[in-house]
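coords00.csv follows (CSV, C-alpha atoms and all ligand atoms):
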```csv
chain,number,residue,atom,x,y,z
A,9,MET,CA,-3.5,61.4,-6.0
A,10,GLN,CA,-4.0,57.7,-5.8
A,11,LEU,CA,-1.3,55.0,-5.4
A,12,ASN,CA,-2.1,51.3,-5.7
A,13,ALA,CA,-0.3,48.7,-3.6
A,14,PRO,CA,2.8,50.7,-2.7
A,15,LEU,CA,5.8,48.4,-2.1
A,16,ASP,CA,9.0,49.2,-0.2
A,17,MET,CA,11.6,46.9,-1.6
A,18,HIS,CA,14.3,47.7,1.1
A,19,LEU,CA,13.2,48.2,4.7
A,20,HIS,CA,14.7,47.8,8.2
A,21,LEU,CA,12.1,46.9,10.7
A,22,ARG,CA,14.5,45.8,13.5
A,23,ASP,CA,13.3,43.7,16.4
A,24,GLY,CA,11.9,43.8,19.9
A,25,GLU,CA,10.6,47.2,21.2
A,26,MET,CA,11.8,49.1,18.1
A,27,LEU,CA,9.9,46.7,15.8
A,28,GLU,CA,6.8,47.1,17.9
A,29,ASN,CA,7.1,50.8,17.8
A,30,ILE,CA,7.8,51.4,14.1
A,31,ALA,CA,6.3,48.5,12.2
A,32,THR,CA,3.0,50.2,11.6
A,33,ALA,CA,4.6,53.3,10.1
A,34,SER,CA,5.3,51.1,7.1
A,35,ALA,CA,2.4,48.6,7.4
A,36,HIS,CA,-0.2,51.3,7.4
A,37,THR,CA,0.5,52.7,3.9
A,38,PHE,CA,2.5,50.0,2.2
A,39,SER,CA,1.1,46.7,0.8
A,40,GLY,CA,4.4,45.0,1.6
A,41,ALA,CA,8.1,45.4,2.0
A,42,ILE,CA,11.4,43.5,1.6
A,43,ILE,CA,12.6,43.1,5.2
A,44,MET,CA,16.3,43.3,5.7
A,45,PRO,CA,17.9,40.6,7.8
A,46,ASN,CA,20.7,42.6,9.6
A,47,LEU,CA,19.5,41.8,13.1
A,48,VAL,CA,21.9,40.8,15.9
A,49,PRO,CA,22.4,38.0,15.3
A,50,PRO,CA,21.5,38.1,11.6
A,51,VAL,CA,18.7,36.0,10.1
A,52,THR,CA,20.4,32.9,8.7
A,53,THR,CA,18.1,29.9,9.3
A,54,LYS,CA,14.5,28.9,8.3
A,55,GLU,CA,13.5,28.9,11.9
A,56,GLU,CA,14.8,32.5,12.4
A,57,VAL,CA,13.0,33.7,9.2
A,58,LEU,CA,9.7,32.2,10.4
A,59,ALA,CA,10.1,33.4,13.9
A,60,TYR,CA,11.0,37.0,12.7
A,61,LYS,CA,8.1,37.0,10.3
A,62,ASN,CA,5.7,36.1,13.1
A,63,ARG,CA,7.1,38.9,15.3
A,64,ILE,CA,6.6,41.3,12.5
A,65,LEU,CA,3.0,40.1,11.9
A,66,ALA,CA,2.3,40.5,15.7
A,67,ALA,CA,3.8,44.0,15.6
A,68,ILE,CA,1.6,45.2,12.8
A,69,GLY,CA,-1.6,44.2,14.5
A,70,ASP,CA,-4.6,44.7,12.2
A,71,GLU,CA,-2.7,46.3,9.3
A,72,LYS,CA,-2.8,44.4,6.0
A,73,PHE,CA,0.9,44.1,5.0
A,74,THR,CA,3.1,41.4,3.6
A,75,PRO,CA,6.7,41.1,5.0
A,76,TYR,CA,8.8,39.7,2.2
A,77,MET,CA,11.5,38.0,4.2
A,78,THR,CA,15.2,37.7,3.4
A,79,LEU,CA,18.2,35.7,4.7
A,80,PHE,CA,21.6,37.2,5.5
A,81,PHE,CA,23.9,35.8,2.8
A,82,ASN,CA,26.5,33.3,3.8
A,83,PRO,CA,28.9,31.7,1.2
A,84,ASN,CA,28.5,28.4,3.0
A,85,TYR,CA,24.7,28.1,2.2
A,86,THR,CA,24.1,24.9,0.2
A,87,LYS,CA,21.6,24.3,-2.5
A,88,GLU,CA,19.8,21.9,-0.3
A,89,PHE,CA,19.5,24.4,2.5
A,90,LEU,CA,18.4,27.2,0.1
A,91,ALA,CA,15.8,24.9,-1.5
A,92,SER,CA,14.4,24.1,1.9
A,93,VAL,CA,13.9,27.8,2.8
A,94,LYS,CA,12.9,29.0,-0.6
A,95,ASN,CA,9.2,29.2,0.1
A,96,GLU,CA,9.7,31.3,3.2
A,97,ILE,CA,11.9,34.0,1.6
A,98,THR,CA,11.8,36.5,-1.3
A,99,ALA,CA,15.5,37.2,-1.6
A,100,VAL,CA,18.9,36.8,0.0
A,101,LYS,CA,20.8,39.9,1.1
A,102,LEU,CA,24.6,40.1,0.7
A,103,TYR,CA,26.6,42.6,2.8
A,104,PRO,CA,30.3,43.2,2.5
A,105,ALA,CA,31.8,42.4,5.9
A,106,GLY,CA,31.6,45.4,8.3
A,107,ILE,CA,30.4,47.9,5.7
A,108,THR,CA,27.3,49.1,7.6
A,109,THR,CA,25.0,48.4,10.6
A,110,ASN,CA,25.3,44.8,11.9
A,111,SER,CA,27.2,43.5,8.8
A,112,GLU,CA,30.2,42.0,10.6
A,113,GLY,CA,29.3,38.5,9.4
A,114,GLY,CA,29.3,39.6,5.7
A,115,VAL,CA,31.5,38.7,2.7
A,116,SER,CA,35.1,39.7,2.2
A,117,GLY,CA,37.2,39.4,-0.9
A,118,PHE,CA,34.4,38.6,-3.4
A,119,ASP,CA,36.2,35.7,-5.0
A,120,VAL,CA,33.9,34.3,-7.6
A,121,GLU,CA,35.0,30.7,-7.2
A,122,GLU,CA,34.4,30.9,-3.4
A,123,LEU,CA,31.0,32.3,-3.9
A,124,ARG,CA,30.1,30.1,-6.9
A,125,PRO,CA,28.3,27.2,-5.1
A,126,ALA,CA,25.9,29.5,-3.1
A,127,LEU,CA,25.3,32.0,-6.0
A,128,GLU,CA,24.7,29.2,-8.5
A,129,ALA,CA,22.2,27.7,-6.1
A,130,LEU,CA,20.4,31.0,-5.8
A,131,SER,CA,20.5,31.3,-9.6
A,132,ASP,CA,19.1,27.8,-10.2
A,133,LEU,CA,16.4,28.3,-7.5
A,134,ASN,CA,15.5,31.7,-9.0
A,135,ILE,CA,16.0,33.5,-5.7
A,136,PRO,CA,17.1,37.2,-6.2
A,137,LEU,CA,20.3,38.4,-4.6
A,138,CYS,CA,20.1,41.9,-3.0
A,139,VAL,CA,23.5,43.5,-2.5
A,140,HIS,CA,24.8,46.3,-0.4
A,141,GLY,CA,27.4,47.5,-3.0
A,142,GLU,CA,30.3,49.3,-1.2
A,143,THR,CA,34.0,48.5,-1.0
A,144,ASN,CA,36.0,49.5,2.0
A,145,GLY,CA,37.7,52.3,0.0
A,146,PHE,CA,37.4,56.1,0.4
A,147,VAL,CA,33.8,56.8,1.6
A,148,MET,CA,32.8,58.8,-1.5
A,149,ASP,CA,34.2,56.2,-3.9
A,150,ARG,CA,33.0,53.0,-2.3
A,151,GLU,CA,29.9,52.5,-4.4
A,152,ALA,CA,31.6,53.4,-7.7
A,153,GLU,CA,34.4,51.0,-6.9
A,154,PHE,CA,31.9,48.3,-6.2
A,155,VAL,CA,30.6,48.4,-9.8
A,156,THR,CA,33.4,46.2,-10.9
A,157,ILE,CA,32.3,43.6,-8.4
A,158,TYR,CA,28.7,43.9,-9.7
A,159,GLU,CA,30.0,43.4,-13.2
A,160,LYS,CA,32.0,40.3,-12.1
A,161,LEU,CA,29.0,38.8,-10.4
A,162,ALA,CA,26.6,39.7,-13.2
A,163,THR,CA,28.9,38.1,-15.8
A,164,ALA,CA,29.7,35.0,-13.8
A,165,PHE,CA,26.0,34.3,-12.9
A,166,PRO,CA,24.0,35.6,-15.8
A,167,LYS,CA,20.7,34.1,-14.7
A,168,LEU,CA,21.0,35.4,-11.2
A,169,LYS,CA,18.8,38.5,-10.5
A,170,ILE,CA,21.1,40.9,-8.7
A,171,ILE,CA,19.5,44.0,-7.0
A,172,MET,CA,22.0,46.8,-6.5
A,173,GLU,CA,20.5,48.2,-3.3
A,174,HIS,CA,20.0,51.9,-2.5
A,175,ILE,CA,22.2,53.1,-5.4
A,176,THR,CA,23.6,56.6,-5.0
A,177,THR,CA,25.9,57.2,-8.0
A,178,LYS,CA,25.8,57.7,-11.7
A,179,GLU,CA,28.2,54.8,-12.1
A,180,SER,CA,25.6,52.4,-10.7
A,181,VAL,CA,22.9,53.9,-12.9
A,182,THR,CA,24.9,53.3,-16.1
A,183,ALA,CA,25.7,49.7,-15.0
A,184,LEU,CA,21.9,49.0,-15.0
A,185,ASP,CA,21.8,49.1,-18.8
A,186,ARG,CA,25.0,47.2,-19.4
A,187,PHE,CA,23.8,44.0,-17.7
A,188,GLU,CA,20.5,42.3,-18.2
A,189,ASN,CA,20.5,40.8,-14.7
A,190,LEU,CA,21.2,44.0,-12.8
A,191,TYR,CA,18.4,45.9,-11.1
A,192,ALA,CA,18.3,48.6,-8.4
A,193,THR,CA,16.4,50.1,-5.6
A,194,ILE,CA,16.5,53.9,-4.9
A,195,THR,CA,15.6,55.6,-1.6
A,196,ILE,CA,13.7,58.8,-1.3
A,197,HIS,CA,16.5,60.5,0.7
A,198,HIS,CA,19.1,59.9,-2.1
A,199,LEU,CA,16.7,61.5,-4.6
A,200,LEU,CA,16.4,64.5,-2.4
A,201,ILE,CA,19.7,65.2,-0.7
A,202,THR,CA,23.4,65.4,-1.5
A,203,LEU,CA,26.4,65.4,0.8
A,204,ASP,CA,26.0,69.1,1.1
A,205,ASP,CA,22.7,68.6,3.0
A,206,VAL,CA,24.5,66.2,5.4
A,207,ALA,CA,27.8,67.9,6.0
A,208,GLY,CA,27.9,71.2,4.0
A,209,GLY,CA,26.7,73.3,6.9
A,210,MET,CA,26.0,72.2,10.5
A,211,LEU,CA,26.3,68.4,10.6
A,212,LYS,CA,22.9,66.6,10.2
A,213,PRO,CA,23.1,63.3,11.9
A,214,HIS,CA,19.6,62.3,10.9
A,215,LEU,CA,20.7,62.4,7.2
A,216,PHE,CA,23.7,60.3,7.8
A,217,CYS,CA,23.5,56.9,6.2
A,218,LYS,CA,25.4,54.3,4.2
A,219,PRO,CA,25.9,54.7,1.3
A,220,ILE,CA,26.5,58.4,2.1
A,221,ALA,CA,24.7,60.9,-0.1
A,222,LYS,CA,26.9,61.9,-3.0
A,223,ARG,CA,27.3,64.8,-5.6
A,224,PRO,CA,24.6,66.7,-7.4
A,225,GLU,CA,25.4,64.9,-10.7
A,226,ASP,CA,24.9,61.6,-8.9
A,227,ARG,CA,21.5,62.7,-7.6
A,228,ASP,CA,20.6,63.9,-11.1
A,229,ALA,CA,21.4,60.4,-12.5
A,230,LEU,CA,19.2,58.8,-9.9
A,231,LEU,CA,16.3,61.3,-10.5
A,232,ASN,CA,16.6,60.6,-14.2
A,233,VAL,CA,15.8,56.9,-13.9
A,234,ALA,CA,13.4,57.2,-11.0
A,235,LEU,CA,11.2,59.9,-12.5
A,236,LYS,CA,10.9,58.1,-15.7
A,237,ALA,CA,10.4,54.8,-13.8
A,238,HIS,CA,13.1,53.0,-15.7
A,239,PRO,CA,11.8,49.4,-15.6
A,240,LYS,CA,14.9,48.1,-13.8
A,241,VAL,CA,14.5,50.5,-10.8
A,242,MET,CA,12.1,50.4,-7.9
A,243,PHE,CA,11.5,52.2,-4.7
A,244,GLY,CA,13.3,50.9,-1.6
A,245,SER,CA,13.3,53.3,1.3
A,246,ASP,CA,16.2,51.8,3.3
A,247,SER,CA,14.3,53.4,6.2
A,248,ALA,CA,16.6,52.5,9.0
A,249,PRO,CA,15.5,53.6,12.5
A,250,HIS,CA,17.9,54.1,15.3
A,251,PRO,CA,17.1,55.6,18.7
A,252,LYS,CA,17.6,59.4,18.9
A,253,HIS,CA,20.5,58.9,21.4
A,254,ALA,CA,22.4,56.6,18.9
A,255,LYS,CA,22.1,59.3,16.1
A,256,GLU,CA,22.7,62.4,18.2
A,257,ALA,CA,26.0,61.0,19.5
A,258,CYS,CA,29.7,61.0,19.1
A,259,GLY,CA,29.8,58.1,16.7
A,260,CYS,CA,26.5,58.5,14.9
A,261,ALA,CA,24.7,55.4,13.7
A,262,ALA,CA,24.0,55.2,9.9
A,263,GLY,CA,20.4,55.3,8.8
A,264,VAL,CA,17.6,57.7,7.8
A,265,PHE,CA,14.1,57.0,9.1
A,266,THR,CA,11.7,57.8,6.3
A,267,ALA,CA,9.0,55.1,6.6
A,268,PRO,CA,6.1,57.4,7.8
A,269,ILE,CA,6.7,60.1,5.1
A,270,ALA,CA,8.1,58.2,2.1
A,271,LEU,CA,4.9,58.3,0.0
A,272,GLN,CA,4.2,61.9,0.8
A,273,LEU,CA,7.7,62.9,-0.2
A,274,LEU,CA,7.6,60.9,-3.4
A,275,ALA,CA,4.3,62.5,-4.4
A,276,GLU,CA,5.9,66.0,-3.9
A,277,LEU,CA,9.1,65.0,-5.7
A,278,PHE,CA,7.3,63.7,-8.8
A,279,GLU,CA,5.0,66.7,-8.9
A,280,ASN,CA,7.9,69.2,-8.5
A,281,HIS,CA,9.7,67.5,-11.5
A,282,HIS,CA,6.5,67.3,-13.6
A,283,ALA,CA,6.7,63.5,-13.7
A,284,SER,CA,3.5,61.6,-14.3
A,285,ILE,CA,1.5,59.7,-11.7
A,286,ASP,CA,1.8,56.6,-13.9
A,287,ASN,CA,5.6,56.8,-13.5
A,288,LEU,CA,5.2,57.1,-9.8
A,289,GLN,CA,2.9,54.1,-9.8
A,290,ASN,CA,5.5,52.1,-11.7
A,291,PHE,CA,8.3,53.2,-9.5
A,292,ILE,CA,6.4,52.6,-6.2
A,293,SER,CA,4.9,49.2,-7.2
A,294,ASN,CA,4.5,47.9,-10.7
A,295,ASN,CA,8.3,47.6,-11.5
A,296,ALA,CA,8.9,45.7,-8.3
A,297,GLN,CA,6.0,43.4,-9.1
A,298,THR,CA,7.6,42.5,-12.4
A,299,ILE,CA,11.2,42.3,-11.2
A,300,TYR,CA,10.3,40.1,-8.1
A,301,GLY,CA,7.3,38.4,-9.6
A,302,VAL,CA,5.2,39.3,-6.5
A,303,THR,CA,1.5,40.1,-6.4
A,304,PRO,CA,0.9,42.5,-3.5
A,305,LEU,CA,-2.1,42.9,-1.3
A,306,GLN,CA,-4.6,45.3,-2.7
A,307,LYS,CA,-4.3,48.6,-0.9
A,308,THR,CA,-5.1,52.0,-2.1
A,309,VAL,CA,-3.5,55.1,-0.7
A,310,ILE,CA,-5.0,58.5,-1.4
A,311,LEU,CA,-2.6,61.5,-0.9
A,312,GLU,CA,-3.8,65.1,-0.8
A,313,LYS,CA,-1.9,68.3,-1.3
A,314,LYS,CA,-2.2,69.5,2.3
A,315,PRO,CA,0.8,70.4,4.4
A,316,PHE,CA,1.9,67.7,6.9
A,317,MET,CA,3.9,68.7,9.9
A,318,VAL,CA,6.5,65.9,10.3
A,319,PRO,CA,6.5,64.9,14.0
A,320,LEU,CA,9.7,65.5,16.0
A,321,ASP,CA,9.9,61.8,16.7
A,322,TYR,CA,8.1,58.5,16.5
A,323,HIS,CA,8.6,56.6,19.8
A,324,GLY,CA,12.1,58.2,20.2
A,325,VAL,CA,13.1,57.8,16.5
A,326,VAL,CA,13.7,61.1,14.7
A,327,PRO,CA,12.4,61.0,11.1
A,328,MET,CA,13.8,62.9,8.1
A,329,TYR,CA,12.4,66.4,8.1
A,330,ALA,CA,11.4,66.2,11.7
A,331,GLY,CA,9.5,69.4,12.7
A,332,GLU,CA,9.3,70.6,9.1
A,333,LYS,CA,6.3,70.9,6.8
A,334,ILE,CA,6.0,68.7,3.7
A,335,ALA,CA,3.5,69.4,1.0
A,336,TYR,CA,1.5,66.1,0.9
A,337,SER,CA,-0.5,64.2,3.5
A,338,ILE,CA,-2.0,60.8,3.5
A,339,LYS,CA,-5.8,61.2,3.2
A,340,GLU,CA,-7.1,57.7,3.2
A,341,VAL,CA,-5.9,54.1,3.0
A,342,THR,CA,-8.3,51.4,2.0
A,343,HIS,CA,-7.8,47.7,1.3
A,344,THR,CA,-10.0,45.0,-0.2
A,401,LIG,O1,22.5,53.7,6.6
A,401,LIG,C1,22.2,52.5,6.7
A,401,LIG,N1,21.6,52.0,7.7
A,401,LIG,N2,22.6,51.8,5.7
A,401,LIG,C2,22.5,50.4,5.7
A,401,LIG,O2,22.9,49.8,4.8
A,401,LIG,C3,22.0,49.8,6.9
A,401,LIG,C4,21.2,50.6,7.7
A,401,LIG,C5,20.9,50.1,9.1
A,401,LIG,O3,20.6,48.9,9.2
A,401,LIG,O4,20.9,50.9,10.0
A,402,ZN,ZN,19.5,48.9,4.3
```
As C-alpha cells, how would this structure be written, given the file I've shared?
Ligand code: DOR
Ligand code: ZN
Amino acid sequence: MQLNAPLDMHLHLRDGEMLENIATASAHTFSGAIIMPNLVPPVTTKEEVLAYKNRILAAIGDEKFTPYMTLFFNPNYTKEFLASVKNEITAVKLYPAGITTNSEGGVSGFDVEELRPALEALSDLNIPLCVHGETNGFVMDREAEFVTIYEKLATAFPKLKIIMEHITTKESVTALDRFENLYATITIHHLLITLDDVAGGMLKPHLFCKPIAKRPEDRDALLNVALKAHPKVMFGSDSAPHPKHAKEACGCAAGVFTAPIALQLLAELFENHHASIDNLQNFISNNAQTIYGVTPLQKTVILEKKPFMVPLDYHGVVPMYAGEKIAYSIKEVTHT
C-alpha cells in the first residue's frame, strides 16, 4: 500500500529534550504537519514562531519534513501584527482558557464583538483559525455544547476558515455540512476507541485525552466521514507526548502519543472497513492540501501487511498500543 505526502494537520512536537526525542517519529513518515503552539509560554510572536521552527528543523536532522507553524490565538492581535507574521504561519490556534494542556492563556466568554477585530483580520488575511472546541461543561457534553459557538463564529465570520480540531461527536460531524466555512480534523484514536476503552475496565491512562473519547454512535459518525474522505475532513493525529511519569500518575496528563504508528493504524482501519486506498489518500493528504492550500514535500510511504510490535516506549513516552501487535508496518519511505 502506497501513500503520497502524508500530512498530519494537528501535531504536538513540544520543545527541548522532548522535541529532540520525538520529532523524527513524525518527520520520518509525514511530509509535514501543523505544529500546535501550546508551549510554556505559548508561541505568540513572530520571533517565537521562527525560533521554534528552527528548533524543530534542528531536531528532525536529515528528515524531509515541513513544520507548518501556528500562533496561539490572542484576541488582542491586530491586523498589522497578523499581516507581519502571515508568511511564517499556516494557521492560528484558539484554545478556550484552561480547557487542556497549557491553555491557561486562552479565550473565555466567546463574545463575538470582543473577538471581531482579530477574527476579521484573520478572515481578511485568509489565515485559517484552528479551534479546540470544548466548553467547560460536563466532560462528555463539552464538545457538543461548543457547536453553538462554532455556529456563532461561522455565521459572524463567513469568509474565515474555521477548523474544528480533533472532533469526537456526531454533533460536530453534522455541523460540517451546515456551514460552508467549517472543516475538521479527526485523530486515529478517536476513530478506534470509545470511552469504554479508556475507563470501561481498568483505567487506561495512555488513552486519556481531551476531548475525551465518546460513545459508539459518535465514533460511527466520525468513521462515516473519515472512511469516505468527506472533503471537509482531514487527518490530524493530535499526537501529544507526555513523559510516562506524567501519564501513570495521580492526575494523569491528557494526550495520546500516536505519531510513530498513525499511518500503520490508518492502513489497518481503512482495510478493516473495506474503504478504498483512494479515500485514505484523500483523508491523509489531498483534502488537507485543498483546505489549507499547501503543496507538501513529495514523500512516498510504502506500508506492508506485516505485524509490527509497538515498542513499550519511545524515549520514555508510551505510545498507544505499547507492547501490542498491529497489522501494518512501514516498509519504505522515499522522497524526491
Ligand atoms: O489530550 C490532549 N493533549 N488534548 C489537547 O488538546 C492538548 C494535548 C496536549 O497538548 O497534551
Ligand atoms: Zn492538540
Residues within 12 Å of (12.2, 41.9, -12.8), counting all atoms listed in the file, listed as a PyMOL selection string: chain A and resi 134-136+167-171+188-193+238-242+293-302
Contacts to ligand LIG 401 (chain A) at 7 Å cut-off (all atoms listed in the file) as a ChimeraX atom specification: /A:20,46,108-110,140,216-219,246,248-250,261-264
Given the point (12.1, 50.7, -2.4) in the coordinates of this file, which residues lie within 9 Å, counting all atoms listed in the file, and how would they look as a PDB file with C-alpha atoms, in the coordinates of the input?
```pdb
ATOM      1  CA  LEU A  15       5.800  48.400  -2.100  1.00  0.00           C
ATOM      2  CA  ASP A  16       9.000  49.200  -0.200  1.00  0.00           C
ATOM      3  CA  MET A  17      11.600  46.900  -1.600  1.00  0.00           C
ATOM      4  CA  HIS A  18      14.300  47.700   1.100  1.00  0.00           C
ATOM      5  CA  LEU A  19      13.200  48.200   4.700  1.00  0.00           C
ATOM      6  CA  ALA A  41       8.100  45.400   2.000  1.00  0.00           C
ATOM      7  CA  ILE A  42      11.400  43.500   1.600  1.00  0.00           C
ATOM      8  CA  GLU A 173      20.500  48.200  -3.300  1.00  0.00           C
ATOM      9  CA  HIS A 174      20.000  51.900  -2.500  1.00  0.00           C
ATOM     10  CA  ALA A 192      18.300  48.600  -8.400  1.00  0.00           C
ATOM     11  CA  THR A 193      16.400  50.100  -5.600  1.00  0.00           C
ATOM     12  CA  ILE A 194      16.500  53.900  -4.900  1.00  0.00           C
ATOM     13  CA  THR A 195      15.600  55.600  -1.600  1.00  0.00           C
ATOM     14  CA  ILE A 196      13.700  58.800  -1.300  1.00  0.00           C
ATOM     15  CA  VAL A 241      14.500  50.500 -10.800  1.00  0.00           C
ATOM     16  CA  MET A 242      12.100  50.400  -7.900  1.00  0.00           C
ATOM     17  CA  PHE A 243      11.500  52.200  -4.700  1.00  0.00           C
ATOM     18  CA  GLY A 244      13.300  50.900  -1.600  1.00  0.00           C
ATOM     19  CA  SER A 245      13.300  53.300   1.300  1.00  0.00           C
ATOM     20  CA  ASP A 246      16.200  51.800   3.300  1.00  0.00           C
ATOM     21  CA  PHE A 291       8.300  53.200  -9.500  1.00  0.00           C
ATOM     22  CA  ILE A 292       6.400  52.600  -6.200  1.00  0.00           C
ATOM     23  CA  SER A 293       4.900  49.200  -7.200  1.00  0.00           C
ATOM     24  CA  ALA A 296       8.900  45.700  -8.300  1.00  0.00           C
TER      25      ALA A 296
END
```
Counting all atoms listed in the file, which residues of region 124-187 of chain A fall within 10 Å of region 222-232 of chain A, and what is the closest atom pair for each with its distance in Å at one decimal, ordered by chain and rising number, as a Markdown table?
```
| residue | atom | partner | partner_atom | distance |
| --- | --- | --- | --- | --- |
| A:Val147 | CA | A:Lys222 | CA | 9.7 |
| A:Met148 | CA | A:Lys222 | CA | 6.8 |
| A:Asp149 | CA | A:Lys222 | CA | 9.3 |
| A:Glu151 | CA | A:Lys222 | CA | 10.0 |
| A:Ile175 | CA | A:Leu230 | CA | 7.9 |
| A:Thr176 | CA | A:Asp226 | CA | 6.5 |
| A:Thr177 | CA | A:Asp226 | CA | 4.6 |
| A:Lys178 | CA | A:Asp226 | CA | 4.9 |
| A:Glu179 | CA | A:Asp226 | CA | 8.2 |
| A:Ser180 | CA | A:Leu230 | CA | 9.1 |
| A:Val181 | CA | A:Ala229 | CA | 6.7 |
| A:Thr182 | CA | A:Ala229 | CA | 8.7 |
```
Exercise: Asn287 (chain A) partners within 7 Å, all atoms listed in the file, chain neighbours under 3 positions left out, as number ranges by chain: A: 235-237, 283-284, 290-291
Top pick for closest residue to Ile64 (chain A), considering A:Val309, A:Lys101, A:Arg22, A:Thr78 and counting all atoms listed in the file: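 Closest to Ile64 (chain A), using all atoms listed in the file: A:Arg22.
For the residues A:Ser34, A:Ser92, A:Ser116, A:Ser247, ranking by smallest atom-to-atom distance to ligand ZN 402 (chain A) using all atoms listed in the file places A:Ser247 first.
Compared by their closest atoms to Ile338 (chain A), and using only C-alpha atoms, the residues A:Glu312, A:Glu96, A:Asp70, A:Glu128 rank with A:Glu312 nearest.
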Grab region 184-203 of chain A from that structure and dump N, CA and C atoms to a file, as a short mmCIF file (atom, residue, chain, number, x, y, z; two decimals), in the first residue's frame.
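Dumped to part-v8.cif:
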```cif
data_model
loop_
_atom_site.label_atom_id
_atom_site.label_comp_id
_atom_site.auth_asym_id
_atom_site.auth_seq_id
_atom_site.Cartn_x
_atom_site.Cartn_y
_atom_site.Cartn_z
N LEU A 184 -20.55 20.23 10.14
CA LEU A 184 -19.71 20.38 8.94
C LEU A 184 -20.52 20.74 7.70
N ASP A 185 -21.65 20.09 7.56
CA ASP A 185 -22.44 20.29 6.34
C ASP A 185 -23.40 21.47 6.44
N ARG A 186 -23.52 22.04 7.62
CA ARG A 186 -24.41 23.20 7.77
C ARG A 186 -23.72 24.52 7.46
N PHE A 187 -22.40 24.54 7.58
CA PHE A 187 -21.67 25.80 7.37
C PHE A 187 -20.53 25.58 6.39
N GLU A 188 -20.54 26.40 5.35
CA GLU A 188 -19.54 26.26 4.30
C GLU A 188 -18.12 26.41 4.84
N ASN A 189 -17.96 27.28 5.84
CA ASN A 189 -16.60 27.60 6.30
C ASN A 189 -16.14 26.77 7.50
N LEU A 190 -16.85 25.69 7.83
CA LEU A 190 -16.38 24.79 8.90
C LEU A 190 -15.72 23.55 8.28
N TYR A 191 -14.57 23.18 8.84
CA TYR A 191 -13.81 21.99 8.42
C TYR A 191 -13.45 21.24 9.71
N ALA A 192 -12.84 20.06 9.57
CA ALA A 192 -12.49 19.34 10.80
C ALA A 192 -11.27 18.45 10.60
N THR A 193 -10.55 18.27 11.71
CA THR A 193 -9.54 17.20 11.76
C THR A 193 -10.10 16.08 12.63
N ILE A 194 -9.63 14.87 12.33
CA ILE A 194 -10.03 13.69 13.11
C ILE A 194 -8.77 12.90 13.44
N THR A 195 -8.66 12.42 14.67
CA THR A 195 -7.49 11.65 15.09
C THR A 195 -7.70 10.16 14.78
N ILE A 196 -6.63 9.40 14.84
CA ILE A 196 -6.79 7.95 14.67
C ILE A 196 -7.37 7.34 15.96
N HIS A 197 -6.98 7.88 17.12
CA HIS A 197 -7.51 7.24 18.34
C HIS A 197 -9.01 7.42 18.48
N HIS A 198 -9.53 8.58 18.05
CA HIS A 198 -10.98 8.76 18.15
C HIS A 198 -11.75 7.92 17.11
N LEU A 199 -11.05 7.46 16.08
CA LEU A 199 -11.69 6.54 15.12
C LEU A 199 -11.67 5.11 15.65
N LEU A 200 -10.82 4.86 16.64
CA LEU A 200 -10.65 3.48 17.11
C LEU A 200 -11.30 3.20 18.47
N ILE A 201 -11.31 4.17 19.35
CA ILE A 201 -11.75 3.88 20.73
C ILE A 201 -13.00 4.67 21.12
N THR A 202 -13.64 4.18 22.17
CA THR A 202 -14.72 4.94 22.82
C THR A 202 -14.33 5.07 24.30
N LEU A 203 -15.18 5.71 25.05
CA LEU A 203 -14.89 5.90 26.48
C LEU A 203 -14.72 4.56 27.20
#
```
